[in-house]
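Here's entry-v9.txt, which has compact mmCIF, C-alpha atoms:
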# COMPACT_ATOMS: atom_id res chain seq x y z
CA MET A 1 94.19 168.33 111.33
CA LYS A 2 97.58 168.50 113.07
CA TYR A 3 98.14 167.03 116.51
CA SER A 4 98.74 170.50 117.94
CA ARG A 5 95.28 171.58 116.73
CA MET A 6 93.62 168.55 118.31
CA LEU A 7 95.34 169.32 121.61
CA ALA A 8 94.17 172.93 121.41
CA ILE A 9 90.53 171.93 120.77
CA GLN A 10 90.60 169.51 123.67
CA LYS A 11 92.23 172.15 125.88
CA ASN A 12 89.41 174.60 125.22
CA TYR A 13 86.91 171.96 126.27
CA ASN A 14 88.96 171.02 129.35
CA ASN A 15 89.02 174.65 130.47
CA LYS A 16 85.22 174.70 130.50
CA ILE A 17 85.00 171.52 132.59
CA ILE A 18 87.91 171.70 135.05
CA GLY A 19 89.27 175.22 134.59
CA ASN A 20 92.69 176.47 133.56
CA VAL A 21 95.50 174.04 134.32
CA LYS A 22 97.66 176.86 135.67
CA ASP A 23 95.10 177.43 138.43
CA LEU A 24 95.21 173.80 139.61
CA SER A 25 97.39 172.42 142.39
CA ILE A 26 99.59 169.41 141.67
CA GLU A 27 97.22 167.31 143.80
CA GLU A 28 94.28 168.41 141.63
CA VAL A 29 96.22 167.65 138.45
CA GLU A 30 97.01 164.15 139.75
CA ARG A 31 93.37 163.56 140.74
CA HIS A 32 92.06 164.68 137.35
CA THR A 33 94.66 162.49 135.64
CA GLN A 34 93.41 159.47 137.57
CA GLN A 35 89.79 160.25 136.70
CA LEU A 36 90.56 160.77 133.01
CA ALA A 37 92.61 157.57 132.87
CA LEU A 38 89.67 155.63 134.34
CA CYS A 39 87.36 157.21 131.76
CA ALA A 40 89.77 156.20 128.99
CA HIS A 41 89.77 152.67 130.42
CA ALA A 42 85.97 152.60 130.27
CA GLU A 43 86.06 153.74 126.65
CA LEU A 44 88.56 150.99 125.87
CA SER A 45 86.06 148.51 127.26
CA SER A 46 83.37 150.05 125.03
CA LEU A 47 85.69 149.66 122.06
CA VAL A 48 86.17 145.98 122.86
CA ASN A 49 82.41 145.53 123.22
CA ALA A 50 81.93 147.09 119.79
CA THR A 51 83.48 143.90 118.40
CA ASN A 52 82.27 140.30 118.79
CA PHE A 53 84.35 139.81 121.92
CA LYS A 54 83.25 136.76 123.98
CA LYS A 55 80.18 136.17 121.81
CA HIS A 56 79.37 132.54 121.13
CA HIS A 57 79.90 131.10 117.69
CA GLY A 58 76.70 131.41 115.68
CA ASN A 59 75.59 134.65 117.36
CA LEU A 60 78.10 136.95 115.69
CA GLU A 61 76.86 140.34 114.51
CA PRO A 62 78.35 142.64 111.88
CA VAL A 63 80.79 145.06 113.46
CA ASP A 64 79.95 148.73 112.92
CA ARG A 65 83.17 150.37 111.73
CA ASP A 66 81.89 153.81 112.76
CA ASN A 67 81.51 152.58 116.33
CA ILE A 68 85.18 151.59 116.28
CA LEU A 69 86.05 155.01 114.87
CA TYR A 70 84.18 157.10 117.43
CA GLU A 71 85.04 154.94 120.42
CA SER A 72 88.72 155.26 119.49
CA VAL A 73 88.31 159.04 119.14
CA ASP A 74 86.81 159.15 122.63
CA ILE A 75 89.89 157.33 123.94
CA LEU A 76 92.18 159.77 122.13
CA ARG A 77 90.36 162.75 123.59
CA TYR A 78 90.83 161.48 127.11
CA ILE A 79 94.52 160.99 126.35
CA HIS A 80 94.69 164.52 124.92
CA ALA A 81 93.03 165.81 128.09
CA ILE A 82 95.69 164.10 130.23
CA GLN A 83 98.47 165.53 128.07
CA ASN A 84 96.97 169.01 128.42
CA LEU A 85 96.77 168.62 132.19
CA TRP A 86 100.54 168.16 132.28
CA GLU A 87 101.12 170.85 129.65
CA ILE A 88 102.76 168.39 127.30
CA THR A 89 103.27 169.97 123.89
CA SER A 90 102.65 168.42 120.49
CA GLU A 91 106.39 168.69 119.78
CA GLU A 92 107.18 166.66 122.91
CA ILE A 93 104.59 164.05 121.92
CA GLU A 94 105.99 163.72 118.42
CA GLU A 95 109.53 163.40 119.78
CA ALA A 96 108.48 160.82 122.38
CA PHE A 97 106.53 158.89 119.74
CA TYR A 98 109.62 158.73 117.52
CA ARG A 99 111.89 157.62 120.38
CA LYS A 100 109.39 154.92 121.34
CA SER A 101 109.35 153.78 117.70
CA VAL A 102 113.15 153.56 117.70
CA TYR A 103 112.98 151.44 120.86
CA LEU A 104 110.28 149.12 119.51
CA ASP A 105 112.13 148.61 116.22
CA ALA A 106 115.34 147.88 118.12
CA ARG A 107 113.72 145.38 120.47
CA TYR A 108 112.01 143.65 117.54
CA LYS A 109 115.38 143.27 115.82
CA ILE A 110 116.99 142.05 119.05
CA ASP A 111 114.25 139.47 119.63
CA LYS A 112 114.69 138.14 116.09
CA ASN A 113 118.48 137.93 116.44
CA THR A 114 119.15 134.81 118.49
CA TRP A 115 122.48 134.25 120.19
CA THR A 116 123.97 130.99 118.91
CA GLY A 117 127.07 130.68 121.06
CA GLN A 118 129.31 133.43 119.68
CA PRO A 119 132.02 134.86 121.93
CA VAL A 120 130.54 137.75 123.90
CA ALA A 121 131.92 141.22 124.62
CA ILE A 122 130.15 143.11 127.42
CA VAL A 123 130.29 146.82 126.60
CA ASP A 124 129.41 149.77 128.83
CA VAL A 125 127.98 152.99 127.38
CA ASP A 126 128.93 156.04 129.46
CA ASP A 127 132.59 157.03 129.08
CA VAL A 128 133.21 153.97 126.94
CA LEU A 129 130.98 154.69 123.94
CA ALA A 130 129.41 157.99 125.01
CA ASP A 131 131.33 160.93 126.44
CA PHE A 132 129.13 161.39 129.49
CA ARG A 133 131.43 163.02 132.02
CA GLU A 134 132.64 165.93 129.90
CA ALA A 135 129.12 166.57 128.60
CA PHE A 136 127.66 166.44 132.11
CA ALA A 137 130.29 168.93 133.31
CA ASP A 138 129.40 171.31 130.45
CA TRP A 139 125.71 170.95 131.30
CA LEU A 140 126.35 171.75 134.98
CA LEU A 141 128.15 174.93 133.98
CA THR A 142 125.40 176.00 131.59
CA THR A 143 122.47 175.03 133.81
CA TYR A 144 123.72 175.84 137.31
CA GLU A 145 126.88 177.88 136.68
CA VAL A 146 128.79 175.21 138.59
CA LYS A 147 132.29 174.61 137.28
CA VAL A 148 133.66 171.18 138.10
CA ASP A 149 137.05 169.55 137.66
CA THR A 150 136.75 166.75 135.10
CA PHE A 151 140.06 165.37 136.34
CA SER A 152 138.74 164.88 139.87
CA GLU A 153 138.48 161.42 141.41
CA GLU A 154 134.69 161.77 141.78
CA TYR A 155 132.58 160.51 138.91
CA TYR A 156 129.41 162.57 139.52
CA PHE A 157 131.14 165.60 141.10
CA ILE A 158 129.18 165.12 144.33
CA ASP A 159 131.33 167.44 146.49
CA ALA A 160 131.10 170.33 144.01
CA LEU A 161 127.31 169.99 143.83
CA VAL A 162 126.88 169.79 147.61
CA GLN A 163 129.14 172.81 148.10
CA SER A 164 126.85 174.68 145.69
CA ASP A 165 123.80 173.68 147.81
CA LEU A 166 122.53 171.36 145.09
CA ASN A 167 121.02 167.93 145.63
CA PRO A 168 123.08 165.54 143.45
CA GLU A 169 120.18 163.14 142.92
CA ALA A 170 117.85 165.97 141.87
CA VAL A 171 120.50 167.37 139.54
CA PHE A 172 121.06 164.00 137.86
CA GLU A 173 117.30 163.51 137.50
CA ARG A 174 117.01 166.91 135.83
CA PHE A 175 119.83 166.03 133.45
CA THR A 176 118.07 162.77 132.57
CA ASN A 177 114.61 164.36 132.18
CA SER A 178 116.00 167.11 129.98
CA GLY A 179 117.16 164.51 127.46
CA GLY A 180 120.81 164.76 128.44
CA PHE A 181 121.55 161.14 127.51
CA ALA A 182 120.30 161.70 123.97
CA ARG A 183 122.73 164.58 123.40
CA LEU A 184 126.00 162.96 124.51
CA PRO A 185 128.84 163.06 122.00
CA VAL A 186 130.28 159.73 120.90
CA VAL A 187 133.75 158.75 122.12
CA ASP A 188 136.39 158.87 119.38
CA GLY A 189 136.81 155.47 117.77
CA ALA A 190 133.75 153.91 119.42
CA ARG A 191 131.99 152.96 116.21
CA LYS A 192 135.15 151.54 114.63
CA MET A 193 135.92 149.57 117.77
CA ILE A 194 132.48 147.96 117.84
CA ASP A 195 132.53 147.25 114.11
CA GLY A 196 135.96 145.69 114.50
CA LEU A 197 134.80 143.37 117.25
CA ARG A 198 131.74 142.33 115.25
CA SER A 199 133.92 141.58 112.22
CA GLN A 200 135.89 139.22 114.48
CA GLY A 201 132.67 137.37 115.34
CA TYR A 202 131.92 138.89 118.75
CA TRP A 203 128.36 139.21 120.01
CA ILE A 204 128.05 142.76 121.39
CA GLN A 205 126.07 142.94 124.62
CA ILE A 206 125.54 146.53 125.69
CA LEU A 207 125.27 146.61 129.50
CA THR A 208 124.74 149.94 131.23
CA ALA A 209 124.02 150.96 134.82
CA ARG A 210 121.72 153.75 133.66
CA PRO A 211 118.30 153.73 135.42
CA GLU A 212 115.97 151.66 133.23
CA SER A 213 113.05 152.74 135.44
CA SER A 214 113.29 156.20 133.82
CA LEU A 215 111.49 155.83 130.50
CA ARG A 216 113.22 158.97 129.24
CA CYS A 217 116.60 157.37 129.96
CA LEU A 218 115.54 154.03 128.49
CA TYR A 219 114.31 155.43 125.18
CA ASP A 220 117.09 158.02 124.92
CA THR A 221 119.65 155.23 125.22
CA TYR A 222 118.27 153.37 122.22
CA TYR A 223 117.84 156.67 120.36
CA TRP A 224 121.49 157.57 121.01
CA LEU A 225 122.73 154.19 119.77
CA LYS A 226 120.71 154.60 116.57
CA THR A 227 121.73 158.23 116.04
CA HIS A 228 125.43 157.40 116.30
CA GLU A 229 125.10 154.16 114.33
CA ILE A 230 126.54 152.03 117.11
CA ALA A 231 126.02 148.38 116.22
CA TYR A 232 125.04 145.88 118.91
CA ASP A 233 123.24 142.58 119.40
CA ASP A 234 121.45 143.25 122.68
CA VAL A 235 121.01 145.96 125.31
CA ALA A 236 120.48 145.53 129.05
CA PHE A 237 120.36 147.77 132.13
CA SER A 238 121.68 146.79 135.54
CA GLY A 239 123.30 148.44 138.52
CA GLU A 240 124.90 145.08 139.38
CA LYS A 241 126.66 144.15 136.20
CA PHE A 242 128.58 141.05 137.23
CA ARG A 243 125.45 139.64 138.86
CA TRP A 244 123.59 140.28 135.60
CA CYS A 245 126.34 138.45 133.69
CA ALA A 246 126.26 135.52 136.11
CA LYS A 247 122.53 135.10 135.50
CA SER A 248 122.80 135.58 131.74
CA LYS A 249 122.56 132.95 129.01
CA TYR A 250 126.27 133.48 128.29
CA TYR A 251 127.81 132.70 131.65
CA ASP A 252 127.67 128.94 132.14
CA SER A 253 129.24 128.30 128.74
CA SER A 254 132.10 130.73 129.52
CA SER A 255 131.18 132.71 126.41
CA ILE A 256 131.93 136.11 127.98
CA LYS A 257 135.45 136.81 126.75
CA PHE A 258 135.86 140.28 128.22
CA ALA A 259 134.10 143.44 129.34
CA ILE A 260 134.80 147.11 128.63
CA ASP A 261 133.84 149.36 131.51
CA ASP A 262 135.12 152.59 133.09
CA SER A 263 133.59 152.08 136.54
CA PRO A 264 136.00 150.98 139.30
CA LYS A 265 133.14 149.11 140.98
CA HIS A 266 132.04 147.13 137.95
CA SER A 267 135.50 146.56 136.48
CA SER A 268 136.87 145.26 139.79
CA GLU A 269 133.91 142.90 140.17
CA TYR A 270 134.40 141.59 136.64
CA ALA A 271 138.11 141.06 137.30
CA LYS A 272 137.54 139.45 140.69
CA HIS A 273 135.23 136.86 139.13
CA GLY A 274 137.45 135.98 136.19
CA ILE A 275 136.12 138.25 133.45
CA HIS A 276 138.95 140.25 131.90
CA CYS A 277 138.08 143.93 131.73
CA PHE A 278 139.37 146.74 129.55
CA VAL A 279 139.26 150.03 131.44
CA PRO A 280 139.77 153.52 130.00
CA GLU A 281 142.36 155.43 131.97
CA LYS A 282 140.36 157.95 133.98
CA SER A 283 141.14 159.99 137.08
CA TYR A 284 138.33 158.28 139.02
CA ASN A 285 139.32 154.65 138.37
CA LYS A 286 143.06 154.58 139.13
CA GLU A 287 142.46 152.19 142.03
CA VAL A 288 141.89 149.27 139.65
CA TRP A 289 144.74 149.86 137.20
CA ASP A 290 147.08 147.38 138.87
CA ASP A 291 144.63 144.48 138.90
CA GLU A 292 146.13 141.60 136.92
CA ASN A 293 142.77 140.89 135.25
CA ILE A 294 142.37 144.48 134.05
CA THR A 295 143.96 146.10 131.01
CA THR A 296 143.85 149.88 130.79
CA TYR A 297 143.73 151.84 127.57
CA SER A 298 143.96 155.46 126.46
CA SER A 299 142.35 154.93 123.06
CA LEU A 300 139.66 152.53 121.81
CA ASP A 301 141.99 151.71 118.93
CA PHE A 302 143.89 149.60 121.46
CA ILE A 303 140.92 147.25 121.92
CA ARG A 304 140.16 147.13 118.20
CA ASN A 305 143.73 146.02 117.51
CA PHE A 306 144.16 143.85 120.64
What's the structure tokens form of this structure?
Amino acid sequence: MKYSRMLAIQKNYNNKIIGNVKDLSIEEVERHTQQLALCAHAELSSLVNATNFKKHHGNLEPVDRDNILYESVDILRYIHAIQNLWEITSEEIEEAFYRKSVYLDARYKIDKNTWTGQPVAIVDVDDVLADFREAFADWLLTTYEVKVDTFSEEYYFIDALVQSDLNPEAVFERFTNSGGFARLPVVDGARKMIDGLRSQGYWIQILTARPESSLRCLYDTYYWLKTHEIAYDDVAFSGEKFRWCAKSKYYDSSSIKFAIDDSPKHSSEYAKHGIHCFVPEKSYNKEVWDDENITTYSSLDFIRNF
């Protein structure tokens, strides 16, 4: 039986018990979600009790495999009920499952790959490896019919969005939740640049200011790196990048040799605190071009051959 069929069977049962989801208010959907989650928690406890959990040695009983089977099915059905409440499709579940698998495999590999003192390159993602700004502008035009100037000095095009009576935060959240980070094109030369640095012995620390609290953003980031075959040694998320570096395992040994970042905020903080930064020449970061600890570039080939 396919997952879509299981969801459909559970949906028919849900409709008998709580009615059609489309007739429920968001408050009712949240309340039912809480109740179903508590029921699933109770079934998890029943599953644990179906084993010899906390039973003293000498009083162990044979575990009934069928009890494990049906208790786990009960748990799944409560999960299916929650997914139906939020009208989550089987296709979305399969996609999310795959992205989670990509993340888990990546983190397992990262955890097994111990840093042993190699020189470190701190590498940003958006507009260094991934072409975020152009793709975001195209998405704004398609989604909201808002045309923005990609050569403006604003990174997120705040003025254009406000003038169109759009909430910039809500727009960015919609872009994130629609899987926008998974669809970004790769910057020309990004893969070769990373491979070149690794061949020179650099440890590649991906450090992005993307919101890690958004699971969609978190998993889409790892998915994008895998899809575009971008090699790396570790991945981290922080809105305060220099502070993250200062607290990292690399900092006290002066192992961070340079950073690559397009943000004027982050690049200037790196430079101010003695970390040389390579900055792509963009309309929104001209203010840092003259910093003596910053080197600008128009092509990633420059860094690869530096």
Given the choices A:Ala106, A:Ala37, A:Leu218, A:Val29, which gets closest to A:Leu85 if the distance is worked out from all atoms listed in the file?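 Smallest distance to A:Leu85 is found for A:Val29.
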Closest pair table for stretch 35-130 of chain A residues within 9 Å of stretch 196-210 of chain A, all atoms listed in the file, as a Markdown table:
| residue | atom | partner | partner_atom | distance |
| --- | --- | --- | --- | --- |
| A:Trp115 | CA | A:Trp203 | CA | 7.7 |
| A:Gly117 | CA | A:Trp203 | CA | 8.7 |
| A:Gln118 | CA | A:Trp203 | CA | 5.9 |
| A:Pro119 | CA | A:Tyr202 | CA | 5.1 |
| A:Val120 | CA | A:Trp203 | CA | 4.7 |
| A:Ala121 | CA | A:Ile204 | CA | 5.3 |
| A:Ile122 | CA | A:Gln205 | CA | 5.0 |
| A:Val123 | CA | A:Ile206 | CA | 4.8 |
| A:Asp124 | CA | A:Leu207 | CA | 5.3 |
| A:Val125 | CA | A:Thr208 | CA | 5.9 |
| A:Asp126 | CA | A:Thr208 | CA | 7.6 |
Using atom CA of A:Phe132 and atom CA of A:Val186 as the two end points, give the distance in Å to one decimal. 8.8 Å
Under the rule that all atoms listed in the file are counted, which of A:Tyr3, A:Glu153, A:Ala40, A:Val288 is the nearest residue to A:Ser72? A:Ala40
Excluding A:Thr143 and any residue of its chain fewer than 4 positions from it, enumerate the residues within 12 Å of it, using all atoms listed in the file, and give them as JSON, numbers by chain. {"A": [135, 136, 137, 138, 139, 147, 166, 171, 172, 174, 175, 178, 180]}
Set the distance at 10 Å and use all atoms listed in the file: which residues neighbour A:Ile75 once local chain neighbours fewer than 3 positions away are removed? I'd like the list as JSON, numbers by chain. {"A": [36, 37, 39, 40, 41, 42, 43, 44, 46, 47, 70, 71, 72, 78, 79, 80, 81]}
Quick check, in Å to one decimal: how far apart do atom CA of A:Ser248 and atom CA of A:Asp234 lie?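 For atom CA of A:Ser248 relative to atom CA of A:Asp234, the distance reads 11.9 Å.
Separating atom CA of A:Tyr155 from atom CA of A:Met193 is a distance of 24.0 Å.
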Go ahead and fit an axis-aligned box to every listed atom of stretch 45-49 of chain A plus 4 Å each side, and pass me the centre and edge lengths in Å, one decimal, as AutoDock Vina command-line options.
--center_x 84.3 --center_y 147.8 --center_z 124.7 --size_x 11.8 --size_y 12.5 --size_z 13.2
Compile the contact shell of A:Phe151 as a ChimeraX atom specification: residues with an atom at most 12 Å away, counting only C-alpha atoms, same-chain residues fewer than 4 positions apart removed. /A:133-134,137,155-157,281-286
Which polymer residues have any atom within 12 Å of an atom of A:Ser213, counting all atoms listed in the file, with same-chain residues fewer than 2 positions away left out, as a compact mmCIF listing (two decimals) with C-alpha atoms, keeping the file's coordinate frame?
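Saved file out.txt follows:
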# COMPACT_ATOMS: atom_id res chain seq x y z
CA GLU A 173 117.30 163.51 137.50
CA THR A 176 118.07 162.77 132.57
CA ALA A 209 124.02 150.96 134.82
CA ARG A 210 121.72 153.75 133.66
CA PRO A 211 118.30 153.73 135.42
CA LEU A 215 111.49 155.83 130.50
CA ARG A 216 113.22 158.97 129.24
CA CYS A 217 116.60 157.37 129.96
CA LEU A 218 115.54 154.03 128.49
CA TYR A 219 114.31 155.43 125.18
CA PHE A 237 120.36 147.77 132.13
CA SER A 238 121.68 146.79 135.54
CA GLY A 239 123.30 148.44 138.52
Considering all atoms listed in the file, state which residue in the set A:His273, A:Lys11, A:Lys226, A:Lys249 is at the smallest distance from A:Tyr103.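 Smallest separation from A:Tyr103 among the options: A:Lys226.
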Give me, as a ChimeraX atom specification, all polymer residues having an atom no more than 12 Å from A:Leu225, counting only C-alpha atoms and skipping those fewer than 3 positions away in the same chain. /A:99,102-103,106,125-126,129-130,181-186,190-191,194,206,218-222,228-235
